[in-house]
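Beneath this line is the structure, given in structure tokens, with notes to follow.
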Amino acid sequence: MNYVWEVLLAAREMKMGDAGLHFYPEQAPSPYVEVSFAEMNLTAPEDTEVGVNPLYRFGDVFSEMFAPDIHAYEKARSLFLDVFMQCMARSDLRSGMHRQEYYLRFLREDLLGKVYGGRAAEAFSLFDIREQKMLVAALFSLYRSGHGKATFRKLVTALYENAIVYEGRDRAEALYLYVGKKETEEERKRVNFLTDTFLPVNEEVQVFYDSHFGIMDLEETMVMDRVVLI
């Protein structure tokens with residue numbers, strides 16, 4: 001589930017009712033979905049407490065109220081967010097799919113339909129449905145902001161639990177990507193899709209899969225037979 005209206009709809013379908021649902025601001029939410037569950041493939045809420053990312057759709061409204069360094073009036077802000085999300089979720093259900101969801105659905109269909117080329121369609125199909133939704137949300141964000149490198153960094157670390165992105169010390173256009181997964185043909189296609197889609201053409205990316213490169217004074221990266229020299 002991506003949106004608060006999906007939580008309400010699922011609660012109604014389960015006949016658990018939505019009157020007891022409480023939306024609260026998640027401390028470290030995913031930037032690619034509105035609701036935050038430990039298991040992203042859930043199709044229904046496990047309890048009445050639902051963490052949300054207030055900046056996903058309503059950044060203009062909540063960017064100052066829920067900035068990371070704001071701690072005052074926590075209960076009041078949380079109550080306001082719950083009331084706001086309850087109202088918006090019911091409004092979404094009455095009005096149907098909102099405009100951004102249409103954009104993301106059409107973008108996903110275009111990618112799978114080879115509108116962006118056969119190679120892109122093949123690579124995109126290697127991601128599961130949850131990952132595809134994250135990809136099109138990130139691509140939509142890239143279209144609006146133009147911040148490819150920042151979008152790439154957030155997306156890669158969301159897709160790969162152990163991924164790390166380093167910037168070159170001598171050149172800003174050089175990136176080192178540690179994926180943290182075994183290198184396979186399928187994984188190479190997935191990673192190439194990410195670098196080709198979200199990074200500028202002048203960006204140089206060196207990819208490391210399950211072997212990290214050595215970093216002086218960082219002992220965990222200097223293990224024999226598990227380190228790559230660059």
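Note on naming: chains are A, B, ... as they come in the structure tokens, residues start from 1 per chain, ligands start from 1 in the order shown.
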Quick one: residues within 10 Å of range 87-91 of chain A, only C-alpha atoms counted, chain neighbours fewer than 3 positions away excluded, as a PyMOL selection string?
chain A and resi 3-9+81-84+94-96+98
Selection file, C-alpha atoms, as a compact mmCIF listing (two decimals), in the first residue's frame:
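Output contents, as saved in again-v8.txt:
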# COMPACT_ATOMS: atom_id res chain seq x y z
CA TYR A 3 -1.44 5.91 0.20
CA VAL A 4 -3.59 6.58 3.27
CA TRP A 5 -6.78 6.04 1.26
CA GLU A 6 -5.63 2.48 0.53
CA VAL A 7 -5.39 1.85 4.29
CA LEU A 8 -8.94 3.09 4.82
CA LEU A 9 -10.24 1.03 1.91
CA LEU A 81 -1.70 15.40 11.06
CA ASP A 82 -4.11 12.61 12.01
CA VAL A 83 -7.16 14.83 11.42
CA PHE A 84 -5.73 16.08 8.13
CA ARG A 94 -14.85 9.92 -2.78
CA SER A 95 -13.05 11.48 -5.73
CA GLY A 96 -11.28 8.35 -6.99
CA HIS A 98 -5.79 11.44 -7.69
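Proximity of A:Met14, A:Leu79, A:Ile129, A:Ala137 to Leu104 in chain A, computed with only C-alpha atoms, is greatest for A:Ala137.
For range 88-124 of chain A, a DSSP pass over the backbone yields alpha helix (DSSP H) at A:Met88, A:Ala89, A:Arg90, A:Ser91, A:Asp92, A:Leu93, A:Arg94, A:Ser95, A:Arg99, A:Gln100, A:Glu101, A:Tyr102, A:Tyr103, A:Leu104, A:Arg105, A:Phe106, A:Leu107, A:Arg108, A:Glu109, A:Asp110, A:Leu111, A:Leu112, A:Gly118, A:Arg119, A:Ala120, A:Ala121, A:Glu122, A:Ala123, A:Phe124.
Candidate residues A:Leu135, A:Leu142, A:Val205, A:Ala76 were compared for distance to Ala158 in chain A, and the nearest is A:Leu135, using only C-alpha atoms.
Checking A:Arg57, A:Lys181, A:His71, A:Lys154 one by one against Val33 in chain A, counting only C-alpha atoms, you find the shortest gap at A:Arg57.
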Selection: 12 Å around Phe80 in chain A, only C-alpha atoms, excl. self and same-chain fewer than 3 positions, as a PyMOL selection string:
chain A and resi 22-25+54+61-62+65-66+73-77+83-87
Convert the current residue selection to file output with N, CA, C and O atoms, as a PDB file, in the first residue's frame.
ATOM      1  N   HIS A  22      -5.441   5.478  13.367  1.00  0.00           N
ATOM      2  CA  HIS A  22      -4.730   6.685  13.802  1.00  0.00           C
ATOM      3  C   HIS A  22      -3.466   6.823  12.969  1.00  0.00           C
ATOM      4  O   HIS A  22      -2.622   5.920  12.928  1.00  0.00           O
ATOM      5  N   PHE A  23      -3.344   7.964  12.279  1.00  0.00           N
ATOM      6  CA  PHE A  23      -2.169   8.236  11.452  1.00  0.00           C
ATOM      7  C   PHE A  23      -1.208   9.121  12.239  1.00  0.00           C
ATOM      8  O   PHE A  23      -1.595  10.167  12.759  1.00  0.00           O
ATOM      9  N   TYR A  24       0.053   8.691  12.307  1.00  0.00           N
ATOM     10  CA  TYR A  24       1.051   9.456  13.046  1.00  0.00           C
ATOM     11  C   TYR A  24       2.281   9.669  12.169  1.00  0.00           C
ATOM     12  O   TYR A  24       2.538   8.901  11.236  1.00  0.00           O
ATOM     13  N   PRO A  25       3.068  10.715  12.403  1.00  0.00           N
ATOM     14  CA  PRO A  25       4.255  10.986  11.582  1.00  0.00           C
ATOM     15  C   PRO A  25       5.372   9.995  11.865  1.00  0.00           C
ATOM     16  O   PRO A  25       5.863   9.919  12.992  1.00  0.00           O
ATOM     17  N   PRO A  54       4.381  12.635   6.018  1.00  0.00           N
ATOM     18  CA  PRO A  54       3.561  13.814   5.715  1.00  0.00           C
ATOM     19  C   PRO A  54       4.076  14.651   4.557  1.00  0.00           C
ATOM     20  O   PRO A  54       3.345  15.476   4.012  1.00  0.00           O
ATOM     21  N   VAL A  61       2.742  21.872   2.575  1.00  0.00           N
ATOM     22  CA  VAL A  61       1.950  22.138   3.779  1.00  0.00           C
ATOM     23  C   VAL A  61       2.750  21.844   5.042  1.00  0.00           C
ATOM     24  O   VAL A  61       2.722  22.617   6.008  1.00  0.00           O
ATOM     25  N   PHE A  62       3.496  20.725   5.032  1.00  0.00           N
ATOM     26  CA  PHE A  62       4.083  20.222   6.268  1.00  0.00           C
ATOM     27  C   PHE A  62       5.605  20.359   6.351  1.00  0.00           C
ATOM     28  O   PHE A  62       6.191  19.908   7.332  1.00  0.00           O
ATOM     29  N   MET A  65       6.435  22.293   9.480  1.00  0.00           N
ATOM     30  CA  MET A  65       5.830  21.740  10.684  1.00  0.00           C
ATOM     31  C   MET A  65       6.483  20.431  11.110  1.00  0.00           C
ATOM     32  O   MET A  65       6.594  20.130  12.294  1.00  0.00           O
ATOM     33  N   PHE A  66       6.937  19.631  10.114  1.00  0.00           N
ATOM     34  CA  PHE A  66       7.511  18.328  10.436  1.00  0.00           C
ATOM     35  C   PHE A  66       8.971  18.227   9.986  1.00  0.00           C
ATOM     36  O   PHE A  66       9.434  17.162   9.592  1.00  0.00           O
ATOM     37  N   TYR A  73       5.601  21.051  20.586  1.00  0.00           N
ATOM     38  CA  TYR A  73       4.183  20.789  20.333  1.00  0.00           C
ATOM     39  C   TYR A  73       3.971  19.463  19.596  1.00  0.00           C
ATOM     40  O   TYR A  73       3.186  19.367  18.651  1.00  0.00           O
ATOM     41  N   GLU A  74       4.677  18.450  20.030  1.00  0.00           N
ATOM     42  CA  GLU A  74       4.634  17.168  19.332  1.00  0.00           C
ATOM     43  C   GLU A  74       3.225  16.582  19.300  1.00  0.00           C
ATOM     44  O   GLU A  74       2.754  16.110  18.254  1.00  0.00           O
ATOM     45  N   LYS A  75       2.511  16.599  20.417  1.00  0.00           N
ATOM     46  CA  LYS A  75       1.162  16.030  20.470  1.00  0.00           C
ATOM     47  C   LYS A  75       0.197  16.804  19.594  1.00  0.00           C
ATOM     48  O   LYS A  75      -0.627  16.219  18.881  1.00  0.00           O
ATOM     49  N   ALA A  76       0.312  18.127  19.614  1.00  0.00           N
ATOM     50  CA  ALA A  76      -0.575  18.960  18.807  1.00  0.00           C
ATOM     51  C   ALA A  76      -0.326  18.740  17.316  1.00  0.00           C
ATOM     52  O   ALA A  76      -1.270  18.632  16.520  1.00  0.00           O
ATOM     53  N   ARG A  77       0.930  18.656  16.942  1.00  0.00           N
ATOM     54  CA  ARG A  77       1.251  18.436  15.532  1.00  0.00           C
ATOM     55  C   ARG A  77       0.789  17.054  15.073  1.00  0.00           C
ATOM     56  O   ARG A  77       0.281  16.885  13.958  1.00  0.00           O
ATOM     57  N   VAL A  83      -5.905  14.272  11.922  1.00  0.00           N
ATOM     58  CA  VAL A  83      -7.163  14.831  11.415  1.00  0.00           C
ATOM     59  C   VAL A  83      -7.061  15.141   9.932  1.00  0.00           C
ATOM     60  O   VAL A  83      -7.969  14.839   9.144  1.00  0.00           O
ATOM     61  N   PHE A  84      -5.936  15.719   9.530  1.00  0.00           N
ATOM     62  CA  PHE A  84      -5.730  16.081   8.129  1.00  0.00           C
ATOM     63  C   PHE A  84      -5.733  14.836   7.233  1.00  0.00           C
ATOM     64  O   PHE A  84      -6.397  14.801   6.190  1.00  0.00           O
ATOM     65  N   MET A  85      -4.984  13.797   7.639  1.00  0.00           N
ATOM     66  CA  MET A  85      -4.897  12.583   6.834  1.00  0.00           C
ATOM     67  C   MET A  85      -6.239  11.850   6.780  1.00  0.00           C
ATOM     68  O   MET A  85      -6.601  11.273   5.753  1.00  0.00           O
ATOM     69  N   GLN A  86      -6.979  11.869   7.880  1.00  0.00           N
ATOM     70  CA  GLN A  86      -8.308  11.257   7.879  1.00  0.00           C
ATOM     71  C   GLN A  86      -9.198  11.938   6.848  1.00  0.00           C
ATOM     72  O   GLN A  86      -9.900  11.269   6.061  1.00  0.00           O
ATOM     73  N   CYS A  87      -9.165  13.259   6.822  1.00  0.00           N
ATOM     74  CA  CYS A  87      -9.988  14.019   5.871  1.00  0.00           C
ATOM     75  C   CYS A  87      -9.540  13.776   4.431  1.00  0.00           C
ATOM     76  O   CYS A  87     -10.368  13.566   3.536  1.00  0.00           O
TER      77      CYS A  87
END
Polymer residues at most 9 Å from Pro45 in chain A, only C-alpha atoms, same-chain spacing of 3 or more positions, as a PyMOL selection string:
chain A and resi 7-8+10-11+37+42+48-50
Contacts of range 121-125 of chain A within 6 Å, only C-alpha atoms, excl. fewer than 6 positions in-chain, as a PDB file with all heavy atoms, in the first residue's frame:
ATOM      1  N   LEU A 111       6.817   2.292 -19.386  1.00  0.00           N
ATOM      2  CA  LEU A 111       8.099   1.607 -19.237  1.00  0.00           C
ATOM      3  C   LEU A 111       7.977   0.137 -19.633  1.00  0.00           C
ATOM      4  O   LEU A 111       8.818  -0.392 -20.367  1.00  0.00           O
ATOM      5  CB  LEU A 111       8.605   1.732 -17.801  1.00  0.00           C
ATOM      6  CG  LEU A 111       9.281   3.052 -17.441  1.00  0.00           C
ATOM      7  CD1 LEU A 111       9.351   3.235 -15.933  1.00  0.00           C
ATOM      8  CD2 LEU A 111      10.682   3.109 -18.048  1.00  0.00           C
ATOM      9  N   LEU A 112       6.931  -0.526 -19.163  1.00  0.00           N
ATOM     10  CA  LEU A 112       6.729  -1.935 -19.495  1.00  0.00           C
ATOM     11  C   LEU A 112       6.337  -2.107 -20.955  1.00  0.00           C
ATOM     12  O   LEU A 112       6.609  -3.151 -21.558  1.00  0.00           O
ATOM     13  CB  LEU A 112       5.642  -2.533 -18.597  1.00  0.00           C
ATOM     14  CG  LEU A 112       6.013  -2.676 -17.115  1.00  0.00           C
ATOM     15  CD1 LEU A 112       4.793  -3.093 -16.296  1.00  0.00           C
ATOM     16  CD2 LEU A 112       7.136  -3.701 -16.937  1.00  0.00           C
ATOM     17  N   LYS A 114       7.558  -0.601 -23.516  1.00  0.00           N
ATOM     18  CA  LYS A 114       8.703  -0.309 -24.384  1.00  0.00           C
ATOM     19  C   LYS A 114       8.662   1.084 -25.008  1.00  0.00           C
ATOM     20  O   LYS A 114       9.313   1.338 -26.024  1.00  0.00           O
ATOM     21  CB  LYS A 114       8.846  -1.366 -25.492  1.00  0.00           C
ATOM     22  CG  LYS A 114       9.030  -2.781 -24.967  1.00  0.00           C
ATOM     23  CD  LYS A 114       9.233  -3.781 -26.098  1.00  0.00           C
ATOM     24  CE  LYS A 114       9.420  -5.195 -25.561  1.00  0.00           C
ATOM     25  NZ  LYS A 114       9.628  -6.176 -26.641  1.00  0.00           N
ATOM     26  N   LYS A 189      21.875  -5.781 -14.965  1.00  0.00           N
ATOM     27  CA  LYS A 189      20.859  -5.068 -15.752  1.00  0.00           C
ATOM     28  C   LYS A 189      20.066  -4.110 -14.872  1.00  0.00           C
ATOM     29  O   LYS A 189      19.725  -2.995 -15.287  1.00  0.00           O
ATOM     30  CB  LYS A 189      19.924  -6.069 -16.428  1.00  0.00           C
ATOM     31  CG  LYS A 189      20.564  -6.858 -17.558  1.00  0.00           C
ATOM     32  CD  LYS A 189      19.579  -7.839 -18.177  1.00  0.00           C
ATOM     33  CE  LYS A 189      20.220  -8.614 -19.321  1.00  0.00           C
ATOM     34  NZ  LYS A 189      19.290  -9.606 -19.918  1.00  0.00           N
ATOM     35  N   ARG A 190      19.748  -4.545 -13.660  1.00  0.00           N
ATOM     36  CA  ARG A 190      19.006  -3.686 -12.737  1.00  0.00           C
ATOM     37  C   ARG A 190      19.832  -2.439 -12.381  1.00  0.00           C
ATOM     38  O   ARG A 190      19.327  -1.316 -12.411  1.00  0.00           O
ATOM     39  CB  ARG A 190      18.646  -4.470 -11.474  1.00  0.00           C
ATOM     40  CG  ARG A 190      17.501  -5.451 -11.653  1.00  0.00           C
ATOM     41  CD  ARG A 190      17.475  -6.513 -10.549  1.00  0.00           C
ATOM     42  NE  ARG A 190      17.544  -5.968  -9.219  1.00  0.00           N
ATOM     43  CZ  ARG A 190      16.486  -5.782  -8.413  1.00  0.00           C
ATOM     44  NH1 ARG A 190      15.281  -6.123  -8.832  1.00  0.00           N
ATOM     45  NH2 ARG A 190      16.629  -5.294  -7.199  1.00  0.00           N
TER      46      ARG A 190
END
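Atom pair CA of Ser211 in chain A / CA of Ala174 in chain A: separated by 18.9 Å.
CA of Glu186 in chain A sits 24.3 Å away from CA of Arg105 in chain A.
Near Gly180 in chain A, within a cut-off of 6 Å and counting only C-alpha atoms, sit the residues Asn162, Ala163, Tyr178, Tyr209 and Asp210 of chain A, with same-chain residues fewer than 2 positions away left out.
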Could you pull out the residues in range 25-85 of chain A that DSSP calls strand (DSSP E) from the backbone, as an NGL selection string?
:A and (25 or 35-36 or 49-52)
Serialized selection, C-alpha atoms, as a JSON list (two decimals), in the first residue's frame:
[["chain", "number", "residue", "atom", "x", "y", "z"],
["A", 25, "PRO", "CA", 4.25, 10.99, 11.58],
["A", 35, "VAL", "CA", 2.32, 5.00, 4.48],
["A", 36, "SER", "CA", 5.14, 3.26, 6.33],
["A", 49, "GLU", "CA", -1.59, 2.71, 14.32],
["A", 50, "VAL", "CA", -0.34, 3.70, 10.85],
["A", 51, "GLY", "CA", 2.86, 5.67, 10.32],
["A", 52, "VAL", "CA", 2.85, 8.13, 7.41]]
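Nearest residue to Ala120 in chain A, choosing from A:Leu194, A:Leu21, A:Val201, A:Val207 and counting only C-alpha atoms: A:Leu194.
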